[in-house]
>>> print(open('data37.txt').read())   # compact mmCIF, C-alpha atoms and all ligand atoms
# COMPACT_ATOMS: atom_id res chain seq x y z
CA MET E 172 -0.13 -20.79 3.54
CA LYS E 173 3.13 -22.31 4.80
CA ILE E 174 4.07 -18.99 6.43
CA LEU E 175 0.60 -18.64 7.97
CA LEU E 176 0.80 -22.16 9.42
CA SER E 177 4.22 -21.60 10.96
CA THR E 178 3.08 -18.25 12.39
CA LEU E 179 0.04 -19.91 13.96
CA LEU E 180 2.19 -22.71 15.34
CA SER E 181 4.64 -20.28 16.89
CA LEU E 182 1.80 -18.20 18.33
CA SER E 183 0.08 -21.22 19.88
CA PHE E 184 3.43 -22.39 21.24
CA THR E 185 3.97 -18.94 22.81
CA ALA E 186 0.45 -18.94 24.28
CA SER E 187 0.67 -22.42 25.79
CA ALA E 188 4.22 -21.86 27.04
CA ALA E 189 3.07 -18.64 28.71
CA ALA E 190 0.07 -20.34 30.34
CA GLU E 191 2.62 -22.54 32.12
CA GLY E 192 4.72 -19.52 32.94
CA ILE E 193 7.52 -17.86 31.01
CA ALA E 194 10.96 -19.32 31.60
CA GLY E 195 13.31 -16.63 32.87
CA ALA E 196 10.51 -14.14 33.58
CA PRO E 197 10.30 -12.45 36.98
CA PRO E 198 7.62 -13.68 39.40
CA PRO E 199 4.68 -14.07 39.09
CA PHE E 200 5.06 -14.45 35.29
CA ASP E 201 7.35 -17.46 35.72
CA LYS E 202 4.27 -19.39 36.87
CA GLY E 203 1.59 -17.99 34.50
CA GLY E 204 -2.11 -17.32 35.09
CA VAL E 205 -1.62 -13.78 36.44
CA LYS E 206 -5.02 -12.05 36.69
CA VAL E 207 -5.28 -8.57 35.14
CA ALA E 208 -8.44 -6.54 34.54
CA LEU E 209 -9.11 -4.19 31.63
CA VAL E 210 -11.90 -1.83 32.66
CA ARG E 211 -13.24 0.38 29.89
CA TYR E 212 -15.47 3.40 29.49
CA LEU E 213 -16.02 2.94 25.76
CA SER E 214 -15.96 -0.28 23.76
CA ALA E 215 -17.78 0.60 20.50
CA GLY E 216 -15.89 1.78 17.43
CA ASP E 217 -12.90 0.64 15.42
CA PHE E 218 -10.25 2.14 17.72
CA PHE E 219 -11.64 0.51 20.84
CA GLU E 220 -12.18 -2.89 19.19
CA ALA E 221 -8.61 -2.98 17.83
CA TYR E 222 -7.22 -1.76 21.18
CA GLU E 223 -8.97 -4.67 22.91
CA ALA E 224 -7.68 -7.19 20.36
CA GLY E 225 -4.11 -5.93 20.90
CA ALA E 226 -4.50 -6.12 24.67
CA GLN E 227 -5.84 -9.68 24.46
CA ALA E 228 -3.02 -10.86 22.17
CA GLN E 229 -0.35 -9.39 24.46
CA ALA E 230 -2.08 -10.88 27.51
CA ARG E 231 -2.12 -14.33 25.88
CA ALA E 232 1.59 -14.08 25.09
CA LEU E 233 2.26 -13.21 28.75
CA GLY E 234 0.08 -16.01 30.14
CA ILE E 235 -2.17 -13.36 31.68
CA ASP E 236 -5.73 -14.28 32.62
CA LEU E 237 -7.28 -11.06 31.26
CA ARG E 238 -10.67 -10.10 32.71
CA LEU E 239 -12.48 -7.73 30.33
CA PHE E 240 -15.03 -5.24 31.58
CA PRO E 241 -16.79 -3.60 28.60
CA GLY E 242 -17.48 0.14 28.50
CA ARG E 243 -20.99 1.49 28.06
CA GLN E 244 -20.24 5.18 28.74
CA ASN E 245 -21.56 4.69 32.22
CA ALA E 246 -19.35 6.22 34.93
CA SER E 247 -21.00 4.46 37.88
CA GLU E 248 -20.85 1.09 36.09
CA GLN E 249 -17.14 1.62 35.43
CA ARG E 250 -16.61 2.35 39.15
CA SER E 251 -18.47 -0.85 40.10
CA GLN E 252 -16.39 -2.81 37.60
CA ILE E 253 -13.19 -1.57 39.25
CA GLU E 254 -14.58 -2.64 42.66
CA GLU E 255 -15.40 -6.03 41.12
CA ALA E 256 -11.87 -6.35 39.75
CA ILE E 257 -10.43 -5.53 43.19
CA ASN E 258 -12.62 -8.25 44.72
CA LEU E 259 -11.50 -10.74 42.06
CA GLY E 260 -7.95 -10.39 43.38
CA VAL E 261 -6.39 -9.16 40.16
CA LYS E 262 -2.75 -8.10 40.27
CA ALA E 263 -3.28 -5.09 37.99
CA ILE E 264 -6.08 -3.01 36.53
CA VAL E 265 -5.85 -1.11 33.25
CA ILE E 266 -8.37 1.73 33.31
CA ASP E 267 -9.20 2.70 29.72
CA HIS E 268 -10.83 6.16 29.33
CA GLY E 269 -13.46 7.41 31.74
CA LEU E 270 -14.37 10.44 33.79
CA PRO E 271 -11.51 11.23 36.22
CA GLU E 272 -13.72 12.52 39.03
CA SER E 273 -15.64 9.27 39.20
CA LEU E 274 -12.49 7.12 39.12
CA LYS E 275 -9.83 8.74 41.29
CA ASP E 276 -10.95 7.36 44.66
CA VAL E 277 -11.69 3.86 43.42
CA ALA E 278 -8.32 3.76 41.62
CA GLN E 279 -6.68 4.77 44.92
CA LYS E 280 -8.63 1.98 46.63
CA ALA E 281 -7.07 -0.50 44.19
CA LEU E 282 -3.59 0.89 44.91
CA ASP E 283 -4.25 0.62 48.64
CA ALA E 284 -5.11 -3.04 48.10
CA GLY E 285 -1.67 -3.58 46.53
CA ILE E 286 -3.02 -3.69 42.98
CA LYS E 287 -1.05 -1.96 40.22
CA VAL E 288 -3.07 0.54 38.18
CA ILE E 289 -2.32 1.75 34.65
CA ALA E 290 -4.43 4.48 33.03
CA PHE E 291 -4.97 4.81 29.31
CA ASP E 292 -6.33 8.16 28.14
CA VAL E 293 -7.75 9.16 31.50
CA ASP E 294 -5.79 11.51 33.75
CA LEU E 295 -6.20 10.24 37.32
CA ASN E 296 -3.64 12.78 38.56
CA ASN E 297 -1.84 10.21 40.71
CA SER E 298 1.95 9.83 40.68
CA LYS E 299 1.53 6.07 41.38
CA ILE E 300 -0.55 5.54 38.21
CA PRO E 301 1.44 5.43 34.95
CA GLN E 302 -0.40 7.00 32.06
CA VAL E 303 -0.45 5.54 28.55
CA GLU E 304 -1.19 8.04 25.78
CA GLN E 305 -0.72 8.52 22.05
CA ASN E 306 1.11 11.86 22.19
CA ASP E 307 -2.14 13.60 21.35
CA HIS E 308 -0.49 17.00 20.92
CA ALA E 309 1.77 15.55 18.23
CA LEU E 310 -1.15 13.64 16.70
CA ALA E 311 -3.21 16.83 16.29
CA ARG E 312 -0.14 18.77 15.13
CA LEU E 313 0.60 16.21 12.37
CA ALA E 314 -2.96 16.38 11.04
CA LEU E 315 -3.16 20.18 11.27
CA ASP E 316 0.26 20.76 9.66
CA GLN E 317 -0.99 18.67 6.75
CA ALA E 318 -4.19 20.74 6.61
CA ILE E 319 -2.07 23.92 6.45
CA LYS E 320 0.23 22.40 3.83
CA GLU E 321 -2.75 21.60 1.59
CA ASN E 322 -5.01 24.60 2.35
CA GLY E 323 -2.73 27.42 3.41
CA THR E 324 -2.95 29.41 6.64
CA ALA E 325 -6.35 30.95 5.98
CA PHE E 326 -9.49 28.81 5.81
CA LYS E 327 -12.88 28.44 7.44
CA ALA E 328 -13.10 25.26 9.47
CA GLY E 329 -15.56 22.90 11.06
CA TYR E 330 -14.39 21.11 14.18
CA ALA E 331 -15.54 17.96 16.02
CA TYR E 332 -14.76 17.96 19.75
CA VAL E 333 -16.27 16.69 22.98
CA ALA E 334 -14.70 18.13 26.15
CA GLY E 335 -13.85 15.89 29.10
CA PHE E 336 -12.04 13.09 27.24
CA ALA E 337 -8.31 13.40 27.90
CA PRO E 338 -7.13 12.62 24.34
CA LEU E 339 -9.66 15.00 22.78
CA ASP E 340 -8.81 17.71 25.34
CA ARG E 341 -5.10 17.41 24.52
CA ARG E 342 -5.82 17.52 20.75
CA ASN E 343 -7.99 20.56 21.40
CA GLU E 344 -5.06 22.34 23.11
CA THR E 345 -3.13 21.99 19.86
CA TRP E 346 -6.11 23.20 17.81
CA VAL E 347 -6.31 26.29 20.04
CA GLN E 348 -2.56 26.93 19.54
CA VAL E 349 -2.75 26.46 15.77
CA LYS E 350 -5.68 28.92 15.51
CA ALA E 351 -3.83 31.45 17.69
CA ALA E 352 -0.71 31.18 15.52
CA ASN E 353 -2.75 31.45 12.30
CA PRO E 354 -5.50 34.06 12.69
CA GLY E 355 -6.67 33.27 9.14
CA ILE E 356 -7.87 29.88 10.33
CA VAL E 357 -11.36 30.49 11.67
CA GLU E 358 -13.50 27.88 13.40
CA LYS E 359 -17.01 28.45 12.04
CA ALA E 360 -18.82 25.48 13.52
CA ARG E 361 -18.21 23.06 16.36
CA ILE E 362 -19.99 19.74 16.71
CA GLY E 363 -19.39 16.70 18.89
CA VAL E 364 -20.95 13.58 20.29
CA VAL E 365 -19.74 10.39 21.99
CA ASN E 366 -22.09 7.41 21.99
CA ASP E 367 -22.39 3.86 20.64
CA THR E 368 -23.10 5.20 17.14
CA THR E 369 -20.85 8.26 17.09
CA ALA E 370 -20.42 8.30 13.30
CA ILE E 371 -24.15 8.41 12.60
CA SER E 372 -24.87 10.98 15.30
CA THR E 373 -21.95 13.12 14.08
CA ALA E 374 -23.30 12.97 10.52
CA ASP E 375 -26.60 14.50 11.66
CA GLN E 376 -24.80 17.30 13.50
CA ALA E 377 -22.36 17.87 10.62
CA LYS E 378 -25.20 18.22 8.09
CA ALA E 379 -26.77 21.01 10.16
CA ALA E 380 -23.41 22.74 10.65
CA LEU E 381 -22.47 22.54 6.96
CA ARG E 382 -25.87 23.84 5.83
CA ALA E 383 -25.49 26.78 8.20
CA HIS E 384 -21.85 27.46 7.16
CA PRO E 385 -21.31 26.91 3.43
CA GLU E 386 -18.01 28.81 3.73
CA ILE E 387 -16.34 25.84 5.51
CA THR E 388 -13.62 24.19 3.39
CA VAL E 389 -11.74 22.15 6.03
CA PHE E 390 -13.10 19.86 8.76
CA PHE E 391 -10.84 18.88 11.65
CA ALA E 392 -12.27 15.73 13.25
CA PRO E 393 -9.51 14.23 15.41
CA TRP E 394 -11.32 10.93 16.12
CA ASP E 395 -12.03 8.51 13.27
CA GLU E 396 -15.65 7.88 14.29
CA ALA E 397 -16.28 11.64 13.98
CA ALA E 398 -14.40 11.85 10.68
CA ARG E 399 -16.52 9.03 9.29
CA GLY E 400 -19.63 10.95 10.33
CA VAL E 401 -18.46 14.15 8.64
CA LYS E 402 -17.67 12.17 5.48
CA LEU E 403 -21.16 10.66 5.54
CA ALA E 404 -22.65 14.16 5.84
CA LEU E 405 -20.55 15.50 2.96
CA GLY E 406 -21.68 12.61 0.75
CA GLU E 407 -25.35 13.20 1.57
CA LEU E 408 -25.06 16.95 0.96
CA GLY E 409 -23.10 16.50 -2.28
CA LEU E 410 -20.14 18.44 -0.83
CA SER E 411 -17.41 15.77 -1.00
CA ASP E 412 -15.44 17.77 -3.57
CA LYS E 413 -15.68 21.06 -1.61
CA ILE E 414 -14.41 20.15 1.88
CA LYS E 415 -11.39 18.19 3.10
CA ILE E 416 -11.35 16.14 6.30
CA TYR E 417 -8.29 15.80 8.57
CA SER E 418 -8.61 13.29 11.39
CA GLY E 419 -7.04 11.20 14.11
CA ASP E 420 -6.97 7.37 14.27
CA VAL E 421 -6.96 4.71 11.58
CA SER E 422 -8.48 1.27 10.99
CA THR E 423 -8.75 -1.04 8.00
CA ALA E 424 -12.28 0.30 7.40
CA ASP E 425 -10.95 3.88 7.59
CA ILE E 426 -8.25 3.11 5.01
CA ALA E 427 -10.99 1.97 2.60
CA GLU E 428 -12.92 5.22 3.19
CA ILE E 429 -9.81 7.41 2.83
CA THR E 430 -8.59 5.79 -0.39
CA GLU E 431 -11.92 5.34 -2.22
CA PRO E 432 -12.32 7.48 -5.36
CA ASP E 433 -13.15 11.15 -4.63
CA SER E 434 -12.93 10.70 -0.87
CA PRO E 435 -12.84 14.01 1.02
CA TRP E 436 -10.96 12.32 3.90
CA VAL E 437 -7.42 13.28 2.91
CA ALA E 438 -5.23 12.64 5.96
CA THR E 439 -5.20 11.15 9.42
CA ALA E 440 -2.60 11.02 12.19
CA ALA E 441 -2.68 7.77 14.09
CA THR E 442 -1.12 5.05 16.15
CA ASN E 443 -1.92 1.39 15.62
CA PRO E 444 -4.61 0.91 18.32
CA ALA E 445 -3.69 -2.77 18.74
CA VAL E 446 -0.17 -1.65 19.62
CA VAL E 447 -1.58 0.78 22.20
CA GLY E 448 -3.60 -2.08 23.73
CA ALA E 449 -0.48 -4.26 23.85
CA VAL E 450 1.56 -1.44 25.42
CA SER E 451 -1.10 -1.02 28.14
CA ILE E 452 -0.88 -4.71 29.07
CA ARG E 453 2.92 -4.71 28.96
CA ALA E 454 2.93 -1.71 31.29
CA ALA E 455 0.65 -3.58 33.69
CA ALA E 456 2.93 -6.65 33.55
CA ILE E 457 6.09 -4.61 34.18
CA ALA E 458 4.40 -2.93 37.17
CA VAL E 459 3.27 -6.31 38.57
CA ALA E 460 6.83 -7.62 38.18
CA GLY E 461 7.98 -4.69 40.35
CA GLN E 462 10.08 -3.18 37.58
CA ALA E 463 10.43 0.52 36.80
CA LEU E 464 8.07 2.34 34.44
CA PRO E 465 8.04 5.98 33.42
CA HIS E 466 4.96 7.91 34.52
CA ASP E 467 4.14 8.87 30.92
CA ILE E 468 4.15 5.94 28.51
CA ILE E 469 3.88 7.37 25.04
CA VAL E 470 2.97 5.65 21.76
CA GLN E 471 3.97 7.95 18.93
CA PRO E 472 1.52 8.67 16.07
CA THR E 473 2.28 8.69 12.34
CA LEU E 474 0.83 10.93 9.63
CA LEU E 475 -0.99 8.95 6.94
CA THR E 476 -2.08 10.81 3.83
CA GLN E 477 -4.56 9.71 1.22
CA ALA E 478 -1.88 10.05 -1.48
CA GLN E 479 0.61 7.91 0.45
CA LEU E 480 -1.97 5.17 1.14
CA ARG E 481 -3.11 5.11 -2.49
CA GLN E 482 0.44 5.08 -3.89
CA GLY E 483 1.49 2.32 -1.52
CA LYS E 484 -1.70 0.33 -2.36
CA ILE E 485 -2.24 0.00 1.39
CA ARG E 486 -5.58 -1.64 2.21
CA THR E 487 -5.18 -2.89 5.77
CA ILE E 488 -3.65 -2.09 9.13
CA ALA E 489 -1.48 -5.20 8.74
CA GLN E 490 -0.03 -3.86 5.47
CA LEU E 491 0.55 -0.48 7.09
CA SER E 492 2.37 -2.11 10.01
CA ALA E 493 4.56 -4.09 7.62
CA LYS E 494 5.38 -0.99 5.59
CA LEU E 495 5.94 1.39 8.53
CA PRO E 496 7.74 -0.39 11.39
CA ALA E 497 7.26 2.62 13.70
CA PHE E 498 3.50 2.22 13.25
CA GLY E 499 3.51 -1.57 13.72
CA HIS E 500 5.58 -1.63 16.91
CA SER E 501 6.23 0.62 19.86
CA PRO E 502 9.33 0.61 22.06
CA ALA E 503 7.16 1.80 24.96
CA ALA E 504 6.88 -0.49 28.01
CA THR E 505 9.10 -3.29 26.74
CA ALA E 506 11.23 -5.76 28.70
CA SER E 507 13.48 -8.57 27.52
CA TRP E 508 11.34 -11.22 29.27
CA ILE E 509 8.05 -10.14 27.62
CA PRO E 510 7.14 -12.25 24.57
CA GLY E 511 5.07 -11.03 21.63
CA GLN E 512 6.23 -7.38 21.73
C1 LIG E 601 -13.85 9.81 22.97
S1 LIG E 601 -12.15 9.68 22.98
C2 LIG E 601 -11.77 9.02 21.41
C3 LIG E 601 -10.30 8.80 21.27
O1 LIG E 601 -9.85 7.88 22.21
C4 LIG E 601 -8.65 7.26 21.71
O2 LIG E 601 -7.60 8.01 22.20
C5 LIG E 601 -8.73 7.34 20.22
O3 LIG E 601 -7.57 7.83 19.65
C6 LIG E 601 -9.95 8.21 19.94
O4 LIG E 601 -9.69 9.21 19.01
>>> encode(input="data37.txt", output="structure tokens", more="lines below")
Ligand code: SR1
Amino acid sequence: MKILLSTLLSLSFTASAAAEGIAGAPPPFDKGGVKVALVRYLSAGDFFEAYEAGAQAQARALGIDLRLFPGRQNASEQRSQIEEAINLGVKAIVIDHGLPESLKDVAQKALDAGIKVIAFDVDLNNSKIPQVEQNDHALARLALDQAIKENGTAFKAGYAYVAGFAPLDRRNETWVQVKAANPGIVEKARIGVVNDTTAISTADQAKAALRAHPEITVFFAPWDEAARGVKLALGELGLSDKIKIYSGDVSTADIAEITEPDSPWVATAATNPAVVGAVSIRAAAIAVAGQALPHDIIVQPTLLTQAQLRQGKIRTIAQLSAKLPAFGHSPAATASWIPGQ
């Protein structure tokens, strides 16, 4: 209780100090109240909620007035939101996911207006727009190496993938490489959906795929919403002891599903999404301060296995962050004047 109180006091001190400006920070952060927009394509799901919470916490620590534009998988709405952010006079815009073709010109319009733009998980193919990503090739590789370790180099697989989303496309490149290097790994069924209820929609698709392909023993679902859907399908079909799920992403709710008795969800490779949200805001702040940023800002993922989570009695993302410092913090987009990193 004492620790909690002192943490809260130090956080509120940081927040109020930052609202007045941060002593020693470069302009405009020495004055506070810098307007930044976070414009999203997707907001539903554990990853996106935690990402937003991390972005908000880092913005508070920096005294940033963060304007949030929620994502409803609507490309023209996301374009309009970027126009709105430009008109609001923000200093930076973080564009989180989206369809590149509908965003490139409006992102350029923001740059032309002197606004800094940071992209997370959407490739706007613009050398002036730094790109935050989770090293998706490594993320997929970690999960698939674990699948091979536990199942050998020959198995029939189900796969969840939706083309057109940069992180899923990059993870797919690794899946293609792994299949090419291991001809015994055969993709028997492919499913995929992105909507506000991805897990439930995926479960319906997975049930049909699993009924049609009883030979499947491994499911690669490199997005936690999809993995949750596959798990739901396995439970309903009574197949939880026959098929193993390997995924991407993690949340406190995912940890409960992975570690519950007889769970088929045996491993995931993930970053802490709150850290990715914080990194995106730090990148925006560094750009606004006129300081150098690499074009590719990478948050490295960690492999998390069911056995490791059970043995460590890990129940929450907070416990995971405390246990694995590389998961709880990222050295990406840091600067000595930025608090709360
Ligand atoms: C539809 S794209 C879903 C992915 O976006 C983020 O990169 C998360 O890791 C999630 O897997």
>>> residues_near_ligand(input="data37.txt", ligand="ligand LIG 601 (chain E)", cutoff="8 Å", atoms="all atoms listed in the file", output="list of chain:residue names")
E:Leu213, E:Phe218, E:Phe219, E:His268, E:Asp292, E:Glu304, E:Gln305, E:Asp307, E:Val333, E:Phe336, E:Ala337, E:Pro338, E:Leu339, E:Val365, E:Pro393, E:Trp394, E:Asp395, E:Glu396, E:Gly419, E:Asp420, E:Ala441, E:Thr442, E:Pro444
>>> atom_distance(input="data37.txt", atom1="atom CA of Gly355 of chain E", atom2="atom CA of Phe391 of chain E")
15.2 Å
>>> closest_atom_pairs(input="data37.txt", of="segment 301-339 of chain E", to="segment 376-383 of chain E", cutoff="10 Å", atoms="all atoms listed in the file", output="JSON lines")
{"residue": "E:Gly329", "atom": "CA", "partner": "E:Ala380", "partner_atom": "CA", "distance": 7.9}
{"residue": "E:Tyr330", "atom": "CA", "partner": "E:Ala377", "partner_atom": "CA", "distance": 9.3}
{"residue": "E:Ala331", "atom": "CA", "partner": "E:Ala377", "partner_atom": "CA", "distance": 8.7}
>>> write_last_selection(input="data37.txt", atoms="C-alpha atoms", output="PDB file, keeping the file's coordinate frame")
ATOM      1  CA  GLY E 329     -15.560  22.900  11.060  1.00  0.00           C
ATOM      2  CA  TYR E 330     -14.390  21.110  14.180  1.00  0.00           C
ATOM      3  CA  ALA E 331     -15.540  17.960  16.020  1.00  0.00           C
TER       4      ALA E 331
END
>>> residues_around(input="data37.txt", residues="Asn296 of chain E", least_positions_apart="3", cutoff="9 Å", atoms="all atoms listed in the file", output="count of residues only")
5
>>> residues_around(input="data37.txt", residues="segment 252-258 of chain E", least_positions_apart="3", cutoff="10 Å", atoms="only C-alpha atoms", output="ChimeraX atom specification")
/E:206-211,238-242,246-249,261-266,274,277-278,280-282,284-286
>>> residues_around(input="data37.txt", residues="Lys402 of chain E", least_positions_apart="5", cutoff="12 Å", atoms="only C-alpha atoms", output="PyMOL selection string")
chain E and resi 370-371+373-378+381+389-392+395-397+407-418+425+428-429+431+433-437
>>> residues_around(input="data37.txt", residues="segment 467-480 of chain E", least_positions_apart="2", cutoff="6 Å", atoms="only C-alpha atoms", output="ChimeraX atom specification")
/E:301-306,310,313,429-430,437-442,465,482-485
>>> write_last_selection(input="data37.txt", atoms="C-alpha atoms", output="PDB file, in the coordinates of the input")
ATOM      1  CA  PRO E 301       1.440   5.430  34.950  1.00  0.00           C
ATOM      2  CA  GLN E 302      -0.400   7.000  32.060  1.00  0.00           C
ATOM      3  CA  VAL E 303      -0.450   5.540  28.550  1.00  0.00           C
ATOM      4  CA  GLU E 304      -1.190   8.040  25.780  1.00  0.00           C
ATOM      5  CA  GLN E 305      -0.720   8.520  22.050  1.00  0.00           C
ATOM      6  CA  ASN E 306       1.110  11.860  22.190  1.00  0.00           C
ATOM      7  CA  LEU E 310      -1.150  13.640  16.700  1.00  0.00           C
ATOM      8  CA  LEU E 313       0.600  16.210  12.370  1.00  0.00           C
ATOM      9  CA  ILE E 429      -9.810   7.410   2.830  1.00  0.00           C
ATOM     10  CA  THR E 430      -8.590   5.790  -0.390  1.00  0.00           C
ATOM     11  CA  VAL E 437      -7.420  13.280   2.910  1.00  0.00           C
ATOM     12  CA  ALA E 438      -5.230  12.640   5.960  1.00  0.00           C
ATOM     13  CA  THR E 439      -5.200  11.150   9.420  1.00  0.00           C
ATOM     14  CA  ALA E 440      -2.600  11.020  12.190  1.00  0.00           C
ATOM     15  CA  ALA E 441      -2.680   7.770  14.090  1.00  0.00           C
ATOM     16  CA  THR E 442      -1.120   5.050  16.150  1.00  0.00           C
ATOM     17  CA  PRO E 465       8.040   5.980  33.420  1.00  0.00           C
ATOM     18  CA  GLN E 482       0.440   5.080  -3.890  1.00  0.00           C
ATOM     19  CA  GLY E 483       1.490   2.320  -1.520  1.00  0.00           C
ATOM     20  CA  LYS E 484      -1.700   0.330  -2.360  1.00  0.00           C
ATOM     21  CA  ILE E 485      -2.240   0.000   1.390  1.00  0.00           C
TER      22      ILE E 485
END
>>> closest_residue(input="data37.txt", among="E:Pro199, E:Glu220, E:Ala309, E:Arg481", to="Pro432 of chain E", atoms="only C-alpha atoms")
E:Arg481
>>> atom_distance(input="data37.txt", atom1="atom CA of His308 of chain E", atom2="atom CA of Arg342 of chain E")
5.4 Å
>>> closest_residue(input="data37.txt", among="E:Ala215, E:Ala351, E:Leu233, E:Ala194", to="Ala455 of chain E", atoms="all atoms listed in the file")
E:Leu233
>>> residues_around(input="data37.txt", residues="Gly203 of chain E", least_positions_apart="2", cutoff="7 Å", atoms="all atoms listed in the file", output="PyMOL selection string")
chain E and resi 189-193+199-201+205+234-235
>>> atom_distance(input="data37.txt", atom1="atom CA of Ala493 of chain E", atom2="atom CA of Ala311 of chain E")
23.9 Å
>>> closest_atom_pairs(input="data37.txt", of="segment 370-465 of chain E", to="segment 499-508 of chain E", cutoff="10 Å", atoms="all atoms listed in the file", output="JSON lines")
{"residue": "E:Thr442", "atom": "CA", "partner": "E:Gly499", "partner_atom": "CA", "distance": 8.4}
{"residue": "E:Asn443", "atom": "CA", "partner": "E:Gly499", "partner_atom": "CA", "distance": 6.5}
{"residue": "E:Pro444", "atom": "CA", "partner": "E:Gly499", "partner_atom": "CA", "distance": 9.7}
{"residue": "E:Ala445", "atom": "CA", "partner": "E:Gly499", "partner_atom": "CA", "distance": 8.9}
{"residue": "E:Val446", "atom": "CA", "partner": "E:His500", "partner_atom": "CA", "distance": 6.4}
{"residue": "E:Val447", "atom": "CA", "partner": "E:Ser501", "partner_atom": "CA", "distance": 8.2}
{"residue": "E:Ala449", "atom": "CA", "partner": "E:Ser501", "partner_atom": "CA", "distance": 9.2}
{"residue": "E:Val450", "atom": "CA", "partner": "E:Ala504", "partner_atom": "CA", "distance": 6.0}
{"residue": "E:Ser451", "atom": "CA", "partner": "E:Ala504", "partner_atom": "CA", "distance": 8.0}
{"residue": "E:Ile452", "atom": "CA", "partner": "E:Ala504", "partner_atom": "CA", "distance": 8.9}
{"residue": "E:Arg453", "atom": "CA", "partner": "E:Ala504", "partner_atom": "CA", "distance": 5.9}
{"residue": "E:Ala454", "atom": "CA", "partner": "E:Ala504", "partner_atom": "CA", "distance": 5.3}
{"residue": "E:Ala455", "atom": "CA", "partner": "E:Ala504", "partner_atom": "CA", "distance": 9.0}
{"residue": "E:Ala456", "atom": "CA", "partner": "E:Ala504", "partner_atom": "CA", "distance": 9.2}
{"residue": "E:Ile457", "atom": "CA", "partner": "E:Ala504", "partner_atom": "CA", "distance": 7.5}
{"residue": "E:Ala458", "atom": "CA", "partner": "E:Ala504", "partner_atom": "CA", "distance": 9.8}
{"residue": "E:Gln462", "atom": "CA", "partner": "E:Ala506", "partner_atom": "CA", "distance": 9.3}
{"residue": "E:Ala463", "atom": "CA", "partner": "E:Ala504", "partner_atom": "CA", "distance": 9.5}
{"residue": "E:Leu464", "atom": "CA", "partner": "E:Ala504", "partner_atom": "CA", "distance": 7.1}
{"residue": "E:Pro465", "atom": "CA", "partner": "E:Ala504", "partner_atom": "CA", "distance": 8.5}
